[in-house]
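Everything below belongs to target10.csv, which stores CSV, C-alpha atoms.
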chain,number,residue,atom,x,y,z
E,209,MET,CA,-17.3,19.4,14.1
E,210,SER,CA,-20.1,20.4,16.3
E,211,THR,CA,-18.1,19.6,19.5
E,212,THR,CA,-15.2,21.8,18.4
E,213,LEU,CA,-17.3,24.8,17.0
E,214,ALA,CA,-20.0,25.0,19.6
E,215,PRO,CA,-17.9,26.3,22.5
E,216,TRP,CA,-16.4,29.0,20.3
E,217,PHE,CA,-19.8,30.3,19.4
E,218,GLY,CA,-21.0,30.0,23.0
E,219,TRP,CA,-18.1,32.0,24.5
E,220,LEU,CA,-18.1,34.5,21.6
E,221,ALA,CA,-21.9,35.0,22.1
E,222,LEU,CA,-21.4,35.5,25.9
E,223,LEU,CA,-18.6,38.0,25.3
E,224,LEU,CA,-20.5,40.0,22.7
E,225,ILE,CA,-23.8,40.0,24.6
E,226,VAL,CA,-22.1,41.2,27.9
E,227,ALA,CA,-20.3,43.9,25.9
E,228,GLY,CA,-23.4,44.9,24.1
E,229,THR,CA,-25.5,45.0,27.3
E,230,ILE,CA,-23.0,47.2,29.1
E,231,GLY,CA,-22.8,49.5,26.0
E,232,GLY,CA,-26.5,49.5,25.5
E,233,LEU,CA,-27.5,50.1,29.2
E,234,PHE,CA,-24.7,52.4,30.4
E,235,LEU,CA,-22.6,53.9,27.6
E,236,ALA,CA,-25.2,54.7,24.9
E,237,PRO,CA,-26.9,58.1,25.4
E,238,ALA,CA,-30.7,58.3,26.1
E,239,ASP,CA,-32.9,59.0,23.1
E,240,TYR,CA,-34.1,62.6,22.5
E,241,GLN,CA,-37.8,61.6,22.6
E,242,GLN,CA,-38.1,58.2,24.3
E,243,GLY,CA,-35.5,58.8,27.0
E,244,ASP,CA,-34.2,55.5,28.5
E,245,GLY,CA,-37.2,53.6,27.1
E,246,PHE,CA,-35.5,53.1,23.7
E,247,ARG,CA,-33.0,50.7,25.3
E,248,ILE,CA,-35.3,47.8,24.8
E,249,ILE,CA,-34.2,48.1,21.1
E,250,TYR,CA,-31.0,46.1,22.2
E,251,VAL,CA,-33.1,43.0,22.8
E,252,HIS,CA,-36.0,43.7,20.4
E,253,VAL,CA,-34.1,44.2,17.1
E,254,PRO,CA,-31.6,41.3,17.4
E,255,SER,CA,-34.4,38.9,18.4
E,256,ALA,CA,-36.7,40.1,15.6
E,257,TRP,CA,-33.8,39.6,13.2
E,258,LEU,CA,-33.1,36.1,14.5
E,259,SER,CA,-36.7,35.1,14.4
E,260,MET,CA,-36.6,35.6,10.6
E,261,PHE,CA,-33.0,34.3,10.2
E,262,ALA,CA,-33.7,31.2,12.1
E,263,TYR,CA,-36.7,30.5,9.9
E,264,VAL,CA,-34.7,30.9,6.8
E,265,VAL,CA,-32.0,28.5,8.2
E,266,MET,CA,-34.8,26.1,9.1
E,267,ALA,CA,-36.6,26.3,5.8
E,268,SER,CA,-33.5,26.0,3.7
E,269,SER,CA,-32.1,23.1,5.5
E,270,ALA,CA,-35.5,21.4,5.4
E,271,ALA,CA,-35.5,22.0,1.6
E,272,VAL,CA,-32.0,20.6,1.2
E,273,GLY,CA,-33.0,17.6,3.3
E,274,LEU,CA,-36.1,17.1,1.2
E,275,ILE,CA,-34.4,17.4,-2.2
E,276,TRP,CA,-31.2,15.5,-1.5
E,277,ARG,CA,-32.7,13.2,1.2
E,278,ILE,CA,-30.2,14.1,3.9
E,279,LYS,CA,-31.4,13.2,7.4
E,280,LEU,CA,-28.8,15.5,9.0
E,281,CYS,CA,-30.5,18.6,7.4
E,282,HIS,CA,-33.9,17.6,8.8
E,283,SER,CA,-32.3,17.2,12.2
E,284,LEU,CA,-30.9,20.7,11.9
E,285,ALA,CA,-34.2,22.2,10.9
E,286,ALA,CA,-35.9,20.4,13.8
E,287,ALA,CA,-33.3,21.8,16.1
E,288,ALA,CA,-33.7,25.4,14.8
E,289,ALA,CA,-37.5,25.5,15.2
E,290,PRO,CA,-37.9,26.0,19.0
E,291,VAL,CA,-35.0,28.4,19.1
E,292,GLY,CA,-36.6,30.5,16.3
E,293,ALA,CA,-40.0,30.3,18.1
E,294,SER,CA,-38.3,31.6,21.3
E,295,PHE,CA,-36.8,34.6,19.5
E,296,THR,CA,-40.1,35.4,17.8
E,297,PHE,CA,-41.8,35.4,21.2
E,298,LEU,CA,-39.1,37.6,22.7
E,299,ALA,CA,-39.5,40.1,19.8
E,300,LEU,CA,-43.2,40.2,20.2
E,301,ALA,CA,-43.0,40.5,24.0
E,302,THR,CA,-40.4,43.3,24.0
E,303,GLY,CA,-42.2,45.1,21.3
E,304,SER,CA,-45.4,45.0,23.3
E,305,ILE,CA,-43.7,46.3,26.4
E,306,TRP,CA,-42.2,49.2,24.4
E,307,GLY,CA,-45.5,49.8,22.6
E,308,LYS,CA,-47.5,50.4,25.7
E,309,PRO,CA,-45.8,53.6,26.8
E,310,MET,CA,-44.6,54.8,23.4
E,311,TRP,CA,-47.5,54.1,21.1
E,312,GLY,CA,-50.1,53.9,23.8
E,313,THR,CA,-51.1,50.3,23.2
E,314,TRP,CA,-49.9,46.8,23.8
E,315,TRP,CA,-50.9,45.4,20.5
E,316,VAL,CA,-52.4,46.6,17.2
E,317,TRP,CA,-53.3,44.5,14.2
E,318,ASP,CA,-51.1,46.2,11.7
E,319,ALA,CA,-49.2,44.4,8.9
E,320,ARG,CA,-45.8,44.1,10.7
E,321,LEU,CA,-47.2,42.8,14.0
E,322,THR,CA,-49.7,40.5,12.5
E,323,ALA,CA,-47.1,38.9,10.1
E,324,GLU,CA,-44.7,38.4,13.0
E,325,LEU,CA,-47.5,36.6,14.9
E,326,VAL,CA,-48.1,34.4,11.9
E,327,LEU,CA,-44.4,33.5,12.0
E,328,LEU,CA,-44.8,32.4,15.6
E,329,PHE,CA,-47.7,30.2,14.6
E,330,LEU,CA,-45.7,28.8,11.7
E,331,TYR,CA,-43.0,27.7,14.1
E,332,PHE,CA,-45.7,26.1,16.4
E,333,GLY,CA,-47.3,24.4,13.4
E,334,TYR,CA,-43.9,23.0,12.3
E,335,MET,CA,-43.1,21.6,15.7
E,336,ALA,CA,-46.7,20.3,16.2
E,337,LEU,CA,-46.6,18.5,12.8
E,338,ARG,CA,-43.3,16.9,13.6
E,339,ALA,CA,-44.5,15.7,17.0
E,340,ALA,CA,-47.8,14.4,15.6
E,341,ILE,CA,-46.3,11.9,13.1
E,342,ASP,CA,-44.5,8.9,14.6
E,343,ASP,CA,-42.7,7.7,11.5
E,344,GLU,CA,-39.5,9.9,11.4
E,345,ASN,CA,-39.2,9.9,7.6
E,346,ARG,CA,-42.8,11.0,7.0
E,347,ALA,CA,-42.5,13.6,9.8
E,348,ASP,CA,-39.4,15.0,8.1
E,349,ARG,CA,-41.1,15.3,4.7
E,350,ALA,CA,-44.4,16.7,5.9
E,351,SER,CA,-42.8,19.3,8.2
E,352,ALA,CA,-40.2,20.3,5.6
E,353,LEU,CA,-43.0,21.1,3.1
E,354,LEU,CA,-44.7,23.3,5.7
E,355,ALA,CA,-41.5,25.1,6.5
E,356,ILE,CA,-40.8,25.7,2.8
E,357,ILE,CA,-44.3,27.1,2.1
E,358,GLY,CA,-44.1,29.3,5.2
E,359,VAL,CA,-40.9,31.0,3.9
E,360,ILE,CA,-43.3,33.3,1.9
E,361,ASN,CA,-44.0,35.1,5.2
E,362,ILE,CA,-40.4,36.3,5.6
E,363,PRO,CA,-40.4,38.9,2.8
E,364,ILE,CA,-43.9,39.9,3.9
E,365,ILE,CA,-42.5,40.7,7.5
E,366,LYS,CA,-39.5,42.4,6.1
E,367,TYR,CA,-41.3,44.7,3.7
E,368,SER,CA,-44.6,45.1,5.5
E,369,VAL,CA,-43.5,48.5,6.8
E,370,GLU,CA,-42.8,49.7,3.3
E,371,TRP,CA,-45.7,48.2,1.4
E,372,TRP,CA,-48.4,49.4,3.8
E,373,ASN,CA,-49.1,52.1,6.3
E,374,THR,CA,-48.3,50.5,9.6
E,375,LEU,CA,-48.0,51.7,13.2
E,376,HIS,CA,-44.6,50.0,13.3
E,377,GLN,CA,-41.8,52.3,12.2
E,378,PRO,CA,-39.7,51.5,9.1
E,379,ALA,CA,-36.3,49.9,9.2
E,380,THR,CA,-33.5,51.9,11.0
E,381,ILE,CA,-30.4,50.0,10.1
E,382,SER,CA,-30.9,47.9,7.0
E,383,LYS,CA,-31.8,50.6,4.6
E,384,ILE,CA,-29.9,52.1,1.8
E,385,GLY,CA,-27.6,55.0,2.9
E,386,LYS,CA,-26.8,56.0,6.4
E,387,PRO,CA,-28.5,54.2,9.3
E,388,SER,CA,-30.8,56.7,11.0
E,389,ILE,CA,-29.4,55.9,14.5
E,390,ASP,CA,-26.6,57.7,16.3
E,391,THR,CA,-23.2,55.9,16.1
E,392,GLU,CA,-22.9,55.7,19.9
E,393,MET,CA,-26.3,53.9,20.0
E,394,LEU,CA,-25.5,51.8,16.9
E,395,ILE,CA,-22.3,50.1,18.1
E,396,PRO,CA,-23.9,48.3,21.1
E,397,LEU,CA,-26.8,47.3,18.9
E,398,LEU,CA,-24.4,45.7,16.4
E,399,LEU,CA,-22.6,43.9,19.2
E,400,MET,CA,-25.9,42.6,20.5
E,401,TRP,CA,-26.9,41.5,17.0
E,402,LEU,CA,-23.6,39.6,16.5
E,403,GLY,CA,-23.9,38.1,20.0
E,404,PHE,CA,-27.4,36.9,19.5
E,405,THR,CA,-26.5,35.4,16.1
E,406,CYS,CA,-23.5,33.5,17.7
E,407,TYR,CA,-25.8,32.3,20.4
E,408,PHE,CA,-28.2,31.0,17.8
E,409,PHE,CA,-25.5,29.0,16.1
E,410,PHE,CA,-24.3,27.7,19.5
E,411,LEU,CA,-27.8,26.5,20.2
E,412,LEU,CA,-28.2,25.1,16.7
E,413,LEU,CA,-25.1,23.0,17.0
E,414,VAL,CA,-25.8,21.7,20.5
E,415,ARG,CA,-29.5,21.0,19.8
E,416,GLY,CA,-28.7,19.6,16.4
E,417,ARG,CA,-26.2,17.1,17.9
E,418,ALA,CA,-28.7,16.1,20.5
E,419,GLU,CA,-31.3,15.6,17.8
E,420,ILE,CA,-29.1,13.4,15.7
E,421,LEU,CA,-28.0,11.3,18.8
E,422,SER,CA,-31.6,10.7,19.8
E,423,ARG,CA,-32.5,9.8,16.3
E,424,GLU,CA,-29.7,7.3,16.0
E,425,ARG,CA,-30.1,5.9,19.5
E,426,ASN,CA,-30.6,2.3,18.3
E,427,LYS,CA,-27.9,2.3,15.6
E,428,GLN,CA,-24.8,0.2,15.9
E,429,TRP,CA,-22.3,3.0,15.2
E,430,LEU,CA,-23.5,4.9,18.2
E,431,LYS,CA,-23.3,1.9,20.5
E,432,ASP,CA,-19.8,1.2,19.3
E,433,ALA,CA,-18.8,4.8,19.8
E,434,LEU,CA,-20.3,4.8,23.3
E,435,GLY,CA,-18.7,1.5,24.1
E,436,ALA,CA,-15.3,2.8,23.0
E,437,THR,CA,-15.4,5.8,25.3
E,438,SER,CA,-16.8,4.2,28.4
X,107,MET,CA,-33.8,13.3,-15.2
X,108,LYS,CA,-32.8,12.3,-11.7
X,109,SER,CA,-35.4,12.1,-9.0
X,110,ARG,CA,-33.7,14.8,-6.9
X,111,HIS,CA,-33.9,17.2,-9.9
X,112,GLN,CA,-37.6,16.4,-10.1
X,113,ARG,CA,-37.9,17.2,-6.4
X,114,LEU,CA,-35.9,20.4,-6.8
X,115,ILE,CA,-38.2,21.5,-9.7
X,116,GLY,CA,-41.3,20.4,-7.7
X,117,ILE,CA,-40.4,22.5,-4.7
X,118,GLY,CA,-39.5,25.4,-6.9
X,119,LEU,CA,-42.9,25.2,-8.6
X,120,VAL,CA,-44.7,24.9,-5.2
X,121,LEU,CA,-42.9,28.0,-3.9
X,122,GLY,CA,-43.6,30.0,-7.1
X,123,GLY,CA,-47.3,29.1,-6.9
X,124,VAL,CA,-47.6,30.0,-3.3
X,125,ALA,CA,-45.7,33.3,-3.9
X,126,LEU,CA,-48.1,34.1,-6.8
X,127,GLY,CA,-51.1,33.3,-4.7
X,128,ALA,CA,-49.8,35.4,-1.7
X,129,THR,CA,-49.2,38.3,-4.1
X,130,PHE,CA,-52.8,38.2,-5.4
X,131,LEU,CA,-54.2,37.7,-2.0
X,132,LEU,CA,-52.3,40.7,-0.6
X,133,GLN,CA,-53.2,42.8,-3.6
X,134,ALA,CA,-56.9,42.0,-3.1
X,135,MET,CA,-56.7,42.8,0.6
X,136,ASN,CA,-54.6,45.9,0.2
X,137,GLU,CA,-57.4,48.1,1.4
X,138,ASN,CA,-57.9,46.1,4.5
X,139,ILE,CA,-54.2,45.9,5.4
X,140,LEU,CA,-53.8,49.7,5.2
X,141,TYR,CA,-53.7,50.5,8.9
X,142,TYR,CA,-54.6,54.1,8.5
X,143,TYR,CA,-55.7,56.7,6.0
X,144,SER,CA,-53.8,59.9,5.3
X,145,PRO,CA,-55.5,63.3,5.5
X,146,SER,CA,-55.3,63.6,1.7
X,147,GLN,CA,-57.2,60.3,1.4
X,148,VAL,CA,-59.7,61.6,3.9
X,149,ALA,CA,-60.1,64.8,1.9
X,150,ALA,CA,-60.6,62.7,-1.3
X,151,GLY,CA,-63.4,60.7,0.4
X,152,ASP,CA,-61.5,57.3,0.4
X,153,PRO,CA,-62.5,56.1,3.9
X,154,PRO,CA,-65.9,54.3,4.2
X,155,GLU,CA,-68.7,56.7,5.1
X,156,GLY,CA,-70.3,56.4,8.5
X,157,ARG,CA,-67.8,53.7,9.6
X,158,ARG,CA,-65.0,53.8,12.1
X,159,PHE,CA,-61.5,54.2,10.5
X,160,ARG,CA,-58.0,55.4,11.4
X,161,VAL,CA,-56.4,58.6,10.2
X,162,GLY,CA,-52.6,59.2,10.5
X,163,GLY,CA,-50.5,62.3,10.1
X,164,LEU,CA,-48.3,64.8,11.8
X,165,VAL,CA,-49.7,67.1,14.5
X,166,VAL,CA,-49.7,70.6,13.2
X,167,ASP,CA,-47.5,73.0,15.2
X,168,GLY,CA,-49.6,75.3,17.4
X,169,SER,CA,-52.9,73.5,16.6
X,170,VAL,CA,-53.2,71.6,20.0
X,171,LYS,CA,-55.9,73.2,22.1
X,172,ARG,CA,-56.9,71.9,25.5
X,173,GLU,CA,-60.1,72.9,27.2
X,174,PRO,CA,-59.4,73.9,30.8
X,175,GLY,CA,-60.8,71.6,33.5
X,176,ASP,CA,-61.6,68.9,30.9
X,177,MET,CA,-59.9,66.0,29.3
X,178,LYS,CA,-60.9,67.3,25.9
X,179,VAL,CA,-58.2,68.1,23.4
X,180,SER,CA,-58.4,69.1,19.8
X,181,PHE,CA,-55.6,69.3,17.2
X,182,GLU,CA,-55.0,69.2,13.5
X,183,LEU,CA,-53.3,66.4,11.5
X,184,THR,CA,-51.6,67.0,8.3
X,185,ASP,CA,-49.6,65.1,5.6
X,186,ASN,CA,-48.2,68.4,4.3
X,187,ALA,CA,-51.1,68.5,1.8
X,188,GLU,CA,-54.4,68.3,3.5
X,189,LEU,CA,-55.6,69.0,7.1
X,190,VAL,CA,-58.0,67.0,9.3
X,191,GLN,CA,-59.5,68.5,12.5
X,192,VAL,CA,-59.4,65.9,15.3
X,193,SER,CA,-61.1,66.1,18.7
X,194,TYR,CA,-60.3,63.6,21.5
X,195,ALA,CA,-61.1,63.1,25.2
X,196,GLY,CA,-58.7,60.8,27.0
X,197,ILE,CA,-55.1,60.2,27.9
X,198,LEU,CA,-52.5,60.9,25.2
X,199,PRO,CA,-49.4,58.7,24.8
X,200,ASP,CA,-46.0,59.9,26.0
X,201,LEU,CA,-44.8,60.6,22.5
X,202,PHE,CA,-47.7,62.9,21.7
X,203,ARG,CA,-46.4,66.4,20.8
X,204,GLU,CA,-46.6,68.9,18.1
X,205,GLY,CA,-44.9,67.8,14.9
X,206,GLN,CA,-45.1,64.1,16.0
X,207,GLY,CA,-46.7,61.4,13.9
X,208,ILE,CA,-50.1,60.3,15.3
X,209,ILE,CA,-52.7,57.8,14.5
X,210,ALA,CA,-56.3,58.5,15.6
X,211,HIS,CA,-59.1,55.9,15.6
X,212,GLY,CA,-62.7,57.1,15.4
X,213,ARG,CA,-65.3,58.5,12.9
X,214,MET,CA,-66.1,61.7,11.1
X,215,GLU,CA,-68.8,63.8,12.7
X,216,ASN,CA,-70.7,66.4,10.7
X,217,GLY,CA,-68.4,65.7,7.8
X,218,SER,CA,-65.7,68.0,9.2
X,219,VAL,CA,-64.4,67.0,12.6
X,220,PHE,CA,-62.9,63.6,13.3
X,221,GLU,CA,-64.1,62.3,16.7
X,222,ALA,CA,-61.3,60.0,18.0
X,223,ASP,CA,-61.7,57.5,20.8
X,224,GLU,CA,-58.1,56.3,20.6
X,225,VAL,CA,-54.9,58.1,19.9
X,226,LEU,CA,-51.6,56.3,19.2
X,227,ALA,CA,-48.2,57.8,18.7
X,228,LYS,CA,-46.3,56.6,15.7
X,229,HIS,CA,-42.6,56.6,16.3
X,230,ASP,CA,-40.2,57.2,13.4
X,231,GLU,CA,-37.1,55.2,12.7
X,232,ASN,CA,-34.7,57.9,14.0
X,233,TYR,CA,-32.8,57.4,17.2
X,234,MET,CA,-30.4,60.1,18.5
X,235,PRO,CA,-29.3,61.6,21.8
X,236,PRO,CA,-30.9,64.9,22.9
X,237,GLU,CA,-27.8,67.0,22.2
X,238,VAL,CA,-27.8,65.8,18.5
X,239,ALA,CA,-31.5,66.6,18.2
X,240,ASP,CA,-30.9,70.1,19.7
X,241,SER,CA,-28.0,70.8,17.3
X,242,LEU,CA,-30.1,69.6,14.4
X,243,LYS,CA,-32.9,72.0,15.4
X,244,GLN,CA,-30.4,74.9,15.6
X,245,VAL,CA,-29.0,74.1,12.2
X,246,HIS,CA,-32.5,74.0,10.7
X,247,ALA,CA,-33.4,77.3,12.5
X,248,GLY,CA,-30.2,78.9,11.3
X,249,GLY,CA,-30.8,77.8,7.8
X,250,GLY,CA,-34.2,79.3,7.8
X,251,GLN,CA,-33.1,82.8,8.7

In C-alpha cells, how does this file's structure come out?
Amino acid sequence: MSTTLAPWFGWLALLLIVAGTIGGLFLAPADYQQGDGFRIIYVHVPSAWLSMFAYVVMASSAAVGLIWRIKLCHSLAAAAAPVGASFTFLALATGSIWGKPMWGTWWVWDARLTAELVLLFLYFGYMALRAAIDDENRADRASALLAIIGVINIPIIKYSVEWWNTLHQPATISKIGKPSIDTEMLIPLLLMWLGFTCYFFFLLLVRGRAEILSRERNKQWLKDALGATS
Amino acid sequence: MKSRHQRLIGIGLVLGGVALGATFLLQAMNENILYYYSPSQVAAGDPPEGRRFRVGGLVVDGSVKREPGDMKVSFELTDNAELVQVSYAGILPDLFREGQGIIAHGRMENGSVFEADEVLAKHDENYMPPEVADSLKQVHAGGGQ
C-alpha cells in the first residue's frame, strides 16, 4: 500500500506547495501593517500545525501499538518523530525570524513559545529513548509511554494564547466564525497547509517502510521477497 | 477481561492522571505564566511592588511624545478602562504606532510612571491588504459622523 500511495502524496504535495508558494509570494497582497514581512506565515503556520499534527499521529499510533501489540504502529510512530521534530524546528525558526522585526525580539518566554519548545524536546526525548534501548520491544514500549504522556502538551500549545496573556497573537484561521485574514491571503495559506500535510504523509509512508524493512532485515519473508525480485 | 483491555484502561488512567496533574500545576503557576499585566491590574495593584514586570495595552491615540534630540519617548497604555504612563529610551519596533498593542518591560517609578527598558509590539491576528484597512477606516469614520 505504501508503494502505491506514497508517490501520490509526494506529487500532490509538490504541486500544492509550488502553487501555494507562487500564490503566497506573488499573488497575495502585502499586509496593511507588516508589508511583505507577513509572507513568512506561509511557512510558519503550516509547519506549526504539522508539528502538532505529527505528534498526535505519533502518539496515537504508539498507543495503538502499545495496546494491541502491533509492531507496525510502533514503526510508524518512530518514522513520524524526526519529521515532526523538523517541522517544530521550522515553526520556531520562522517565528523567530518574524519576531525580530515585528515584535522587536527573537524570543520571549511566553506560554505559546515555551510550550512549542517543550514539544521539540519531547520529540528529541522520544528519539533519544528509542535509540538508547537496544532491545526493540522494550524500546517500543518505553518510548510509546513517553509519547502518550507528552500528548498533554498539545492542548496546552493550542489554547495557550487563549488561557494566558501571551505575546503571540491568537489563532487567525481555526476560530469560530470568519477567519480574520483576507481571502486573497487565505487561499495560498490553505494550499500550503494541504501541501505540507501531503508532504508529511509522503514522508511518513516512505520512512515507515524503511523502518519496517530495517526491523525485519533478518526475517525469512524479506529474504524470500528480495530473492524473488532479484 | 482481556489483557489488551487492561492496557487500554491503564493508558487511559495514566493519561487522565497526567492531565489532572498538569491542570493543577498550570492553575498553581497561573500568575507566573501571565506574560503581562493589563493597565487595570496595574491600577488595582496586582503586580509585585518594587519588582520588574510587564504591562501590555493599546497605545493611546495622540499620547506619544518624543523629546527632540533625544531617544526618550513617552506614551500612555490603555485597556479601555485604565491608563498607564510609560516612558522609554531606545529603539521602538516596526509595528509601534498609536492604537497598536504594546508590551513594555520595566518597573514603576514614583508610583505613577512606568520606566520601560524594553518595548515589544504585540501583533493581532488580523491580516489584510492596505486597501481593505483603508476602506474599513473610512467605514468607521463614516459611521461615527

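Near chain E, within 7 Å and using all atoms listed in the file, the residues of chain X are Arg110, Arg113, Leu114, Leu121, Val124, Ala125, Ile139, Leu140, Tyr141, Tyr142, Pro199, Asp200, Leu201, Leu226, Ala227, Lys228, His229, Asp230, Glu231, Asn232, Tyr233, Met234, Pro235, Pro236 and Ala239 of chain X.
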
_Close residues, Val219 in chain X itself excluded, 8 Å, all atoms listed in the file, min 5 positions apart in chain, as a list of chain:residue names_ =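 That gives X:Val190, X:Gln191, X:Val192, X:Ser193, X:Met214.
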
List the residues sitting within 8 Å of (-56.2, 58.2, 5.6) in the file's frame, using all atoms listed in the file, as a short mmCIF file (atom, residue, chain, number, x, y, z; two decimals) with C-alpha atoms, in the frame of the given file.
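Below you can see result_16.cif, which holds the result:
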data_model
loop_
_atom_site.label_atom_id
_atom_site.label_comp_id
_atom_site.auth_asym_id
_atom_site.auth_seq_id
_atom_site.Cartn_x
_atom_site.Cartn_y
_atom_site.Cartn_z
CA TYR X 142 -54.60 54.10 8.50
CA TYR X 143 -55.70 56.70 6.00
CA SER X 144 -53.80 59.90 5.30
CA PRO X 145 -55.50 63.30 5.50
CA SER X 146 -55.30 63.60 1.70
CA GLN X 147 -57.20 60.30 1.40
CA VAL X 148 -59.70 61.60 3.90
CA ASP X 152 -61.50 57.30 0.40
CA PRO X 153 -62.50 56.10 3.90
CA ARG X 160 -58.00 55.40 11.40
CA VAL X 161 -56.40 58.60 10.20
CA GLY X 162 -52.60 59.20 10.50
#

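Distance-wise, CA of Phe409 in chain E and CA of Ala285 in chain E end up 12.2 Å apart.
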
*Would you mind reading off the distance between CA of Glu370 in chain E and CA of Phe332 in chain E, one decimal, in Å?*
27.1 Å

*Which residues come within 9 Å of range 334-346 of chain E, counting all atoms listed in the file, excluding same-chain residues fewer than 6 positions away, as a ChimeraX atom specification?*
/E:279,286,289-290,352,354-355,423

Preceding selection exported with C-alpha atoms as a PDB file, in the frame of the given file:
ATOM      1  CA  LYS E 279     -31.400  13.200   7.400  1.00  0.00           C
ATOM      2  CA  ALA E 286     -35.900  20.400  13.800  1.00  0.00           C
ATOM      3  CA  ALA E 289     -37.500  25.500  15.200  1.00  0.00           C
ATOM      4  CA  PRO E 290     -37.900  26.000  19.000  1.00  0.00           C
ATOM      5  CA  ALA E 352     -40.200  20.300   5.600  1.00  0.00           C
ATOM      6  CA  LEU E 354     -44.700  23.300   5.700  1.00  0.00           C
ATOM      7  CA  ALA E 355     -41.500  25.100   6.500  1.00  0.00           C
ATOM      8  CA  ARG E 423     -32.500   9.800  16.300  1.00  0.00           C
TER       9      ARG E 423
END

*Quote the spacing between CA of Leu224 in chain E and CA of Leu402 in chain E in Å to one decimal place.*
6.9 Å

_Nearest residue to Leu284 in chain E from the set E:Leu397, E:Ala256, E:Leu223, E:Ile420 (distances using only C-alpha atoms)_ =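 The answer is E:Ile420, which sits nearest to Leu284 in chain E.
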
Contact residues around Ala293 in chain E with only C-alpha atoms at 12 Å, ignoring same-chain residues under 6 positions, as a tab-separated table (two decimals) with C-alpha atoms, keeping the file's coordinate frame:
chain	number	residue	atom	x	y	z
E	255	SER	CA	-34.40	38.90	18.40
E	256	ALA	CA	-36.70	40.10	15.60
E	258	LEU	CA	-33.10	36.10	14.50
E	259	SER	CA	-36.70	35.10	14.40
E	260	MET	CA	-36.60	35.60	10.60
E	261	PHE	CA	-33.00	34.30	10.20
E	262	ALA	CA	-33.70	31.20	12.10
E	263	TYR	CA	-36.70	30.50	9.90
E	266	MET	CA	-34.80	26.10	9.10
E	286	ALA	CA	-35.90	20.40	13.80
E	287	ALA	CA	-33.30	21.80	16.10
E	299	ALA	CA	-39.50	40.10	19.80
E	300	LEU	CA	-43.20	40.20	20.20
E	324	GLU	CA	-44.70	38.40	13.00
E	325	LEU	CA	-47.50	36.60	14.90
E	326	VAL	CA	-48.10	34.40	11.90
E	327	LEU	CA	-44.40	33.50	12.00
E	328	LEU	CA	-44.80	32.40	15.60
E	329	PHE	CA	-47.70	30.20	14.60
E	330	LEU	CA	-45.70	28.80	11.70
E	331	TYR	CA	-43.00	27.70	14.10
E	332	PHE	CA	-45.70	26.10	16.40
E	333	GLY	CA	-47.30	24.40	13.40
E	334	TYR	CA	-43.90	23.00	12.30
E	335	MET	CA	-43.10	21.60	15.70
E	408	PHE	CA	-28.20	31.00	17.80

*Which of these, E:Pro254, E:Gly218, E:Gly292, E:Gly228, has the shortest distance to Cys406 in chain E once you count only C-alpha atoms?*
E:Gly218

Keeping just all heavy atoms, export range 408-412 of chain E of this structure as a JSON list (two decimals), in the first residue's frame.
[["chain", "number", "residue", "atom", "x", "y", "z"],
["E", 408, "PHE", "N", 3.87, 15.52, 4.61],
["E", 408, "PHE", "CA", 4.06, 14.76, 5.84],
["E", 408, "PHE", "C", 3.68, 13.30, 5.63],
["E", 408, "PHE", "O", 4.41, 12.39, 6.01],
["E", 408, "PHE", "CB", 3.23, 15.37, 6.98],
["E", 408, "PHE", "CG", 3.12, 14.49, 8.18],
["E", 408, "PHE", "CD1", 4.22, 14.28, 9.01],
["E", 408, "PHE", "CD2", 1.93, 13.85, 8.49],
["E", 408, "PHE", "CE1", 4.13, 13.46, 10.11],
["E", 408, "PHE", "CE2", 1.84, 13.02, 9.59],
["E", 408, "PHE", "CZ", 2.94, 12.82, 10.40],
["E", 409, "PHE", "N", 2.52, 13.06, 4.98],
["E", 409, "PHE", "CA", 2.10, 11.67, 4.77],
["E", 409, "PHE", "C", 3.05, 10.95, 3.82],
["E", 409, "PHE", "O", 3.33, 9.77, 3.98],
["E", 409, "PHE", "CB", 0.66, 11.61, 4.26],
["E", 409, "PHE", "CG", -0.35, 11.79, 5.35],
["E", 409, "PHE", "CD1", -1.15, 12.91, 5.41],
["E", 409, "PHE", "CD2", -0.45, 10.85, 6.35],
["E", 409, "PHE", "CE1", -2.07, 13.07, 6.43],
["E", 409, "PHE", "CE2", -1.35, 11.00, 7.39],
["E", 409, "PHE", "CZ", -2.16, 12.12, 7.42],
["E", 410, "PHE", "N", 3.55, 11.69, 2.83],
["E", 410, "PHE", "CA", 4.54, 11.12, 1.92],
["E", 410, "PHE", "C", 5.76, 10.64, 2.71],
["E", 410, "PHE", "O", 6.21, 9.50, 2.59],
["E", 410, "PHE", "CB", 4.94, 12.17, 0.88],
["E", 410, "PHE", "CG", 6.15, 11.82, 0.07],
["E", 410, "PHE", "CD1", 6.11, 10.80, -0.87],
["E", 410, "PHE", "CD2", 7.34, 12.53, 0.23],
["E", 410, "PHE", "CE1", 7.24, 10.49, -1.62],
["E", 410, "PHE", "CE2", 8.45, 12.22, -0.51],
["E", 410, "PHE", "CZ", 8.40, 11.20, -1.44],
["E", 411, "LEU", "N", 6.30, 11.54, 3.56],
["E", 411, "LEU", "CA", 7.46, 11.18, 4.36],
["E", 411, "LEU", "C", 7.14, 10.03, 5.31],
["E", 411, "LEU", "O", 7.95, 9.12, 5.50],
["E", 411, "LEU", "CB", 7.93, 12.39, 5.18],
["E", 411, "LEU", "CG", 8.65, 13.48, 4.41],
["E", 411, "LEU", "CD1", 9.05, 14.60, 5.36],
["E", 411, "LEU", "CD2", 9.89, 12.92, 3.73],
["E", 412, "LEU", "N", 5.94, 10.08, 5.90],
["E", 412, "LEU", "CA", 5.55, 9.04, 6.86],
["E", 412, "LEU", "C", 5.54, 7.67, 6.19],
["E", 412, "LEU", "O", 6.05, 6.69, 6.75],
["E", 412, "LEU", "CB", 4.18, 9.37, 7.43],
["E", 412, "LEU", "CG", 3.68, 8.49, 8.57],
["E", 412, "LEU", "CD1", 4.53, 8.70, 9.81],
["E", 412, "LEU", "CD2", 2.23, 8.77, 8.90]]
